[in-house]
Amino acid sequence: MSEPVPMSLSVPTQKCDGIEDGSADDGDSIPESNVWGRLLTINKIFPSINLIEKEYSFGRGKTCSVVFNSSEQQTSKYFLAYSSTHFKIIRDDIKNYAYILDLSSNGTYVNGEKIGKNKKHILENNAEIELASKTNRVYVYIDTNANEDSSIPAIVSEKYIVSKQIGRGAYGEVKLCFVRGTCDRFAMKIIAKKTFTHMGPQALVFNQQIKSECTILQGVNHPCIIRIHDVYETDDALYIILELVEGGELFDRIVAHGQFDEATSKFLFRQMCIGVQYLHERSITHRDLKPENILLTLPDTNETLIKITDFGLSRLINETSLMKTFCGTPNYLAPEVLVNRGEGSYTNKIDVWSLGVILYICLVGYPPFSESPDSPPLTEQILKGLYTFPAEFWSDVSEPAKDLIRQMMCVDPNKRLTMSAVLEHPWLANDQENTSRVDKIMHPIQLPTRSYKRSATDDDSAMDEDVDTPATDTSTIGRAKRVKY
Ligand code: ADP
């Protein structure tokens with residue numbers, strides 16, 4: 001193994017793309033063509049780095065080219081699990097590729113796979129690097145020689161570095177992107193216009209609607225509602241830059257837990273209600289509330305902020321979306337929508353119904369309506385409000401919770417609660433502890449960074465405790481049981 005190449009990286013400077021490199025001047029002296037790769041941070045306590053030299057070492061040791069010793073890094077729970085030299089990134093000029101060499105005791109991971117001490121792994125464009133635990137995501141590697149995604153138009157790529165795909169929806173893909181200049185991260189939803197060609201002349205109107213809706217949504221500002229940061233349009237596609245949310249969908253969380261206990265359900269549900277109430281106050285109806293459209297900010301805990309998503313588009317998509325829903329499951333559709341097959345005019349009470357269905361599912365892990373040989377067709381169940389609370393599954397759930405569901409899933413929209421009334425219902429209003437928890441997560445107070453002193457030793461053995469176990473979530477003990485979707 002060759003020795004680390006000495007570098008002039010004593011005090012890295014922010015430059016060009018907001019990315020650090022070896023220069024200590026204003027950065028303009030390093031031609032872009034010399035940069036063979038970039039490590040873009042997906043963990044704000046690590047700086048992004050332009051890779052110019054042949055070899056880089058990373059770790060707590062003072063001789064590393066990139067030393068992990070900032071105060072934020074020192075207060076991170078993973079700090080002591082980083083080795084003196086945790087990993088290296090090396091460019092092989094002859095074979096024209098870069099690889100990562102794991103030198104750590106607690107592991108270096110690429111796309112969630114542990115490399116293994118003293119082993120190499122070829123770095124491919126968009127590879128994600130995790131340190132000491134596969135959940136401690138730190139960098140995305142960008143190979144500057146890899147063909148840029150030519151489908152991304154210049155107006156977008158001059159502002160954003162578009163990275164890997166993080167999701168795929170009904171209308172296109174969602175990619176991770178970084179703002180050039182700051183490396184702030186966002187999700188980029190790409191909606192190809194050809195998706196709408198089947199609409200014929202309607203497509204033009206639809207397009208217009210999407211744009212004006214995006215403008216409205218850019219004015220929406222609430223902690224429980226996804227933020228639209230930016231929108232670009234070309235002849236072929238729409239690029240919607242959204243706040244990045246990394247904890248996945250409520251749907252998957254319910255499936256993983258089987259169901260939530262009442263306290264967790266209430267904690268997440270109150271946030272959904274506050275977010276939807278905010279929309280209703282602004283005359284916006286979501287129209288497509290379902291657990292797939294509720295995103296969670298934190299991956300490892302249910303003590304997390306929720307973000308309602310897809311409301312703008314679903315509102316516009318209107319018939320198309322409803323048609324899609326008719327083709328799929330109508331599980332969350334209010335009876336009045338179903339009866340008119342999406343063609344009538346509705347009030348925002350359709351959202352209250354959908355939230356009632358979501359609450360039902362959170363509490364027991366199965367939906368209120370489902371097809372079975374000995375029950376009426378699904379649509380009839382919904383139109384007549386034929387749902388029950390079988391004691392077998394509901395005996396642990398409080399009466400006020402069931403009462404709230406009944407008042408939200410009331411077939412007559414005139415008798416159904418409004419969102420304000422939902423929030424005033426005793427199940428939500430009389431739980432001060434839950435209200436404070438929700439207030440705290442929605443409006444966190446930024447505490448000053450704790451000062452931290454590490455012992456003088458730089459010896460891995462003293463520090464390489466195994467931190468590979470995710471923090472235990474005591475807020476939720478999912479009564480893992482059945483999920484009947
Ligand atoms: P659909 O339009 O079918 O509801 P989306 O296009 O909204 O689906 O999202 C598809 C997937 O992309 C989601 O399941 C999620 O995994 C991911 N995704 C969407 N928006 C974001 C976001 N803001 N942050 C992170 N991931 C997202």
# chains A, B, ... in the order shown; residues from 1 in each chain; ligands from 1
call {"tool": "select_by_dssp", "arguments": {"residues": "range 239-460 of chain A", "states": "alpha helix (DSSP H)", "output": "PyMOL selection string"}}
result
chain A and resi 250-257+262-281+311-327+335-339+349-364+378-384+391-394+399-408+419-424+426-429+432-442+460
call {"tool": "residues_around", "arguments": {"residues": "range 143-147 of chain A", "least_positions_apart": "5", "cutoff": "7 Å", "atoms": "only C-alpha atoms", "output": "PDB file with N, CA and C atoms, in the first residue's frame"}}
result
ATOM      1  N   TRP A  36     -11.529  14.847 -10.816  1.00  0.00           N
ATOM      2  CA  TRP A  36     -11.942  13.565 -11.405  1.00  0.00           C
ATOM      3  C   TRP A  36     -13.149  12.951 -10.699  1.00  0.00           C
ATOM      4  N   GLY A  37     -13.453  13.510  -9.535  1.00  0.00           N
ATOM      5  CA  GLY A  37     -14.620  12.992  -8.820  1.00  0.00           C
ATOM      6  C   GLY A  37     -15.035  13.956  -7.722  1.00  0.00           C
ATOM      7  N   ARG A  38     -16.196  13.709  -7.191  1.00  0.00           N
ATOM      8  CA  ARG A  38     -16.653  14.543  -6.073  1.00  0.00           C
ATOM      9  C   ARG A  38     -17.264  13.640  -5.013  1.00  0.00           C
ATOM     10  N   ASN A 125     -20.270   5.720 -10.234  1.00  0.00           N
ATOM     11  CA  ASN A 125     -20.995   6.987 -10.142  1.00  0.00           C
ATOM     12  C   ASN A 125     -22.256   6.812  -9.291  1.00  0.00           C
TER      13      ASN A 125
END
call {"tool": "closest_atom_pairs", "arguments": {"of": "chain A", "to": "ligand 1", "cutoff": "9 Å", "atoms": "only C-alpha atoms and all ligand atoms", "output": "tab-separated table"}}
result
residue	atom	partner	partner_atom_place_in_ligand_line	distance
A:Gln165	CA	ligand 1	12 (O)	8.4
A:Ile166	CA	ligand 1	17 (C)	5.7
A:Gly167	CA	ligand 1	12 (O)	3.3
A:Arg168	CA	ligand 1	10 (C)	4.3
A:Gly169	CA	ligand 1	3 (O)	3.2
A:Ala170	CA	ligand 1	3 (O)	3.8
A:Tyr171	CA	ligand 1	2 (O)	5.6
A:Gly172	CA	ligand 1	6 (O)	6.1
A:Glu173	CA	ligand 1	6 (O)	6.1
A:Val174	CA	ligand 1	12 (O)	5.0
A:Lys175	CA	ligand 1	12 (O)	7.8
A:Leu176	CA	ligand 1	25 (C)	7.7
A:Phe186	CA	ligand 1	24 (N)	7.1
A:Ala187	CA	ligand 1	24 (N)	5.0
A:Met188	CA	ligand 1	23 (N)	7.6
A:Lys189	CA	ligand 1	6 (O)	6.3
A:Ile190	CA	ligand 1	6 (O)	8.1
A:Ile191	CA	ligand 1	6 (O)	8.4
A:Ile226	CA	ligand 1	23 (N)	6.7
A:Arg227	CA	ligand 1	23 (N)	8.1
A:Ile228	CA	ligand 1	23 (N)	8.7
A:Ile241	CA	ligand 1	23 (N)	8.1
A:Leu242	CA	ligand 1	23 (N)	5.0
A:Glu243	CA	ligand 1	23 (N)	5.1
A:Leu244	CA	ligand 1	24 (N)	3.8
A:Val245	CA	ligand 1	24 (N)	3.8
A:Glu246	CA	ligand 1	25 (C)	5.4
A:Gly247	CA	ligand 1	25 (C)	7.9
A:Gly248	CA	ligand 1	16 (O)	5.9
A:Glu249	CA	ligand 1	14 (O)	6.4
A:Glu292	CA	ligand 1	14 (O)	6.8
A:Asn293	CA	ligand 1	4 (O)	6.2
A:Leu295	CA	ligand 1	22 (C)	7.7
A:Thr297	CA	ligand 1	24 (N)	8.7
A:Lys307	CA	ligand 1	23 (N)	8.6
A:Thr309	CA	ligand 1	7 (O)	6.9
A:Asp310	CA	ligand 1	7 (O)	5.7
A:Leu313	CA	ligand 1	2 (O)	8.0
A:Ser314	CA	ligand 1	2 (O)	8.1
call {"tool": "write_last_selection", "arguments": {"atoms": "N, CA and C atoms", "output": "compact mmCIF listing (two decimals), in the first residue's frame"}}
result
# COMPACT_ATOMS: atom_id res chain seq x y z
N GLN A 165 -31.26 7.93 -8.42
CA GLN A 165 -32.72 7.83 -8.27
C GLN A 165 -33.05 7.40 -6.85
N ILE A 166 -34.01 8.09 -6.23
CA ILE A 166 -34.40 7.68 -4.88
C ILE A 166 -35.85 7.21 -4.81
N GLY A 167 -36.54 7.30 -5.92
CA GLY A 167 -37.91 6.81 -5.91
C GLY A 167 -38.51 6.85 -7.30
N ARG A 168 -39.61 6.16 -7.44
CA ARG A 168 -40.31 6.18 -8.73
C ARG A 168 -41.79 6.26 -8.43
N GLY A 169 -42.44 7.22 -9.06
CA GLY A 169 -43.88 7.39 -8.81
C GLY A 169 -44.66 7.17 -10.07
N ALA A 170 -45.94 7.41 -9.97
CA ALA A 170 -46.84 7.17 -11.10
C ALA A 170 -46.49 8.08 -12.27
N TYR A 171 -45.92 9.26 -12.00
CA TYR A 171 -45.68 10.22 -13.07
C TYR A 171 -44.20 10.43 -13.39
N GLY A 172 -43.36 9.58 -12.90
CA GLY A 172 -41.95 9.72 -13.25
C GLY A 172 -41.06 9.39 -12.08
N GLU A 173 -39.76 9.71 -12.26
CA GLU A 173 -38.82 9.33 -11.22
C GLU A 173 -38.48 10.49 -10.30
N VAL A 174 -37.93 10.13 -9.14
CA VAL A 174 -37.50 11.13 -8.17
C VAL A 174 -36.01 10.90 -7.94
N LYS A 175 -35.22 11.98 -8.07
CA LYS A 175 -33.77 11.83 -7.92
C LYS A 175 -33.24 12.73 -6.81
N LEU A 176 -32.15 12.28 -6.21
CA LEU A 176 -31.46 13.12 -5.24
C LEU A 176 -30.72 14.20 -6.03
N PHE A 186 -31.86 18.17 -2.18
CA PHE A 186 -33.30 18.19 -2.45
C PHE A 186 -33.68 16.91 -3.19
N ALA A 187 -34.98 16.70 -3.30
CA ALA A 187 -35.48 15.62 -4.15
C ALA A 187 -35.99 16.28 -5.43
N MET A 188 -35.62 15.71 -6.58
CA MET A 188 -36.07 16.27 -7.86
C MET A 188 -37.07 15.31 -8.48
N LYS A 189 -38.28 15.78 -8.60
CA LYS A 189 -39.32 14.95 -9.21
C LYS A 189 -39.40 15.33 -10.68
N ILE A 190 -39.19 14.35 -11.54
CA ILE A 190 -39.17 14.63 -12.98
C ILE A 190 -40.44 14.04 -13.60
N ILE A 191 -41.25 14.91 -14.13
CA ILE A 191 -42.51 14.45 -14.74
C ILE A 191 -42.40 14.63 -16.25
N ILE A 226 -44.74 19.17 2.64
CA ILE A 226 -43.53 19.19 1.84
C ILE A 226 -43.40 20.54 1.13
N ARG A 227 -42.19 21.07 1.11
CA ARG A 227 -41.95 22.36 0.46
C ARG A 227 -41.54 22.15 -0.99
N ILE A 228 -42.11 22.94 -1.87
CA ILE A 228 -41.60 22.97 -3.25
C ILE A 228 -40.59 24.10 -3.28
N ILE A 241 -38.43 20.63 -7.74
CA ILE A 241 -37.40 20.44 -6.72
C ILE A 241 -38.09 20.53 -5.36
N LEU A 242 -38.09 19.41 -4.66
CA LEU A 242 -38.82 19.31 -3.39
C LEU A 242 -37.86 19.19 -2.21
N GLU A 243 -38.32 19.62 -1.08
CA GLU A 243 -37.63 19.35 0.17
C GLU A 243 -37.36 17.83 0.23
N LEU A 244 -36.17 17.45 0.65
CA LEU A 244 -35.81 16.02 0.72
C LEU A 244 -36.28 15.43 2.04
N VAL A 245 -36.97 14.32 1.97
CA VAL A 245 -37.47 13.67 3.19
C VAL A 245 -36.94 12.24 3.19
N GLU A 246 -36.29 11.85 4.29
CA GLU A 246 -35.49 10.63 4.20
C GLU A 246 -35.97 9.44 5.04
N GLY A 247 -37.13 9.58 5.66
CA GLY A 247 -37.57 8.47 6.52
C GLY A 247 -38.54 7.51 5.86
N GLY A 248 -38.84 7.73 4.57
CA GLY A 248 -39.74 6.81 3.86
C GLY A 248 -41.21 7.17 4.08
N GLU A 249 -42.04 6.26 3.56
CA GLU A 249 -43.48 6.51 3.59
C GLU A 249 -44.12 5.93 4.85
N GLU A 292 -49.24 6.37 1.62
CA GLU A 292 -48.13 6.51 0.67
C GLU A 292 -47.77 7.98 0.48
N ASN A 293 -48.71 8.88 0.77
CA ASN A 293 -48.46 10.31 0.58
C ASN A 293 -48.12 11.03 1.88
N LEU A 295 -44.98 11.30 4.22
CA LEU A 295 -43.57 10.91 4.35
C LEU A 295 -43.09 11.22 5.77
N THR A 297 -39.74 12.11 8.30
CA THR A 297 -38.41 12.70 8.12
C THR A 297 -37.29 11.80 8.67
N LYS A 307 -44.46 14.67 6.77
CA LYS A 307 -44.59 15.65 5.68
C LYS A 307 -45.66 15.14 4.72
N THR A 309 -47.35 14.98 1.28
CA THR A 309 -46.82 15.23 -0.05
C THR A 309 -47.89 14.99 -1.11
N ASP A 310 -47.54 15.32 -2.32
CA ASP A 310 -48.37 15.02 -3.49
C ASP A 310 -49.70 15.73 -3.53
N LEU A 313 -50.19 18.13 -6.88
CA LEU A 313 -50.33 17.42 -8.13
C LEU A 313 -51.62 16.61 -8.16
N SER A 314 -51.92 15.99 -7.04
CA SER A 314 -53.13 15.16 -7.06
C SER A 314 -54.35 16.03 -7.27
call {"tool": "residues_around", "arguments": {"residues": "Lys62 in chain A", "least_positions_apart": "4", "cutoff": "10 Å", "atoms": "only C-alpha atoms", "output": "mmCIF file with N, CA and C atoms, in the first residue's frame"}}
result
data_model
loop_
_atom_site.group_PDB
_atom_site.id
_atom_site.type_symbol
_atom_site.label_atom_id
_atom_site.label_comp_id
_atom_site.auth_asym_id
_atom_site.auth_seq_id
_atom_site.Cartn_x
_atom_site.Cartn_y
_atom_site.Cartn_z
ATOM 1 N N PHE A 58 -9.119 9.281 4.901
ATOM 2 C CA PHE A 58 -10.172 9.905 5.716
ATOM 3 C C PHE A 58 -10.186 9.239 7.092
ATOM 4 N N VAL A 66 -8.216 14.097 4.879
ATOM 5 C CA VAL A 66 -9.460 14.701 5.356
ATOM 6 C C VAL A 66 -9.650 14.209 6.794
ATOM 7 N N VAL A 67 -9.454 15.137 7.732
ATOM 8 C CA VAL A 67 -9.481 14.758 9.151
ATOM 9 C C VAL A 67 -10.887 14.998 9.699
ATOM 10 N N PHE A 68 -11.436 13.958 10.370
ATOM 11 C CA PHE A 68 -12.738 14.123 11.013
ATOM 12 C C PHE A 68 -12.480 14.692 12.412
ATOM 13 N N ASN A 69 -12.539 15.974 12.552
ATOM 14 C CA ASN A 69 -12.328 16.538 13.896
ATOM 15 C C ASN A 69 -13.091 17.834 14.144
ATOM 16 N N SER A 84 -8.632 5.844 12.986
ATOM 17 C CA SER A 84 -7.621 6.879 12.696
ATOM 18 C C SER A 84 -7.568 7.119 11.198
ATOM 19 N N THR A 85 -7.411 6.012 10.459
ATOM 20 C CA THR A 85 -7.624 6.106 9.013
ATOM 21 C C THR A 85 -8.774 5.163 8.716
ATOM 22 N N ASP A 458 -5.474 8.493 20.251
ATOM 23 C CA ASP A 458 -6.013 8.395 18.906
ATOM 24 C C ASP A 458 -6.016 6.933 18.484
#
call {"tool": "atom_distance", "arguments": {"atom1": "CA of Lys159 in chain A", "atom2": "CA of Tyr232 in chain A"}}
result
11.0 Å
call {"tool": "residues_around", "arguments": {"residues": "range 416-427 of chain A", "least_positions_apart": "5", "cutoff": "7 Å", "atoms": "only C-alpha atoms", "output": "ChimeraX atom specification"}}
result
/A:273,277,349,352,400-401,404,407-408,410
call {"tool": "write_last_selection", "arguments": {"atoms": "C-alpha atoms", "output": "PDB file, in the first residue's frame"}}
result
ATOM      1  CA  CYS A 273     -54.470  16.902  10.977  1.00  0.00           C
ATOM      2  CA  GLN A 277     -56.109  21.978   8.487  1.00  0.00           C
ATOM      3  CA  LYS A 349     -64.542  17.002   3.784  1.00  0.00           C
ATOM      4  CA  VAL A 352     -61.457  14.252   6.569  1.00  0.00           C
ATOM      5  CA  PRO A 400     -62.584   8.221  22.110  1.00  0.00           C
ATOM      6  CA  ALA A 401     -60.319   7.006  19.265  1.00  0.00           C
ATOM      7  CA  LEU A 404     -63.309  10.131  16.333  1.00  0.00           C
ATOM      8  CA  GLN A 407     -67.220  11.078  13.179  1.00  0.00           C
ATOM      9  CA  MET A 408     -64.587  11.363  10.439  1.00  0.00           C
ATOM     10  CA  CYS A 410     -69.378   9.586   8.426  1.00  0.00           C
TER      11      CYS A 410
END
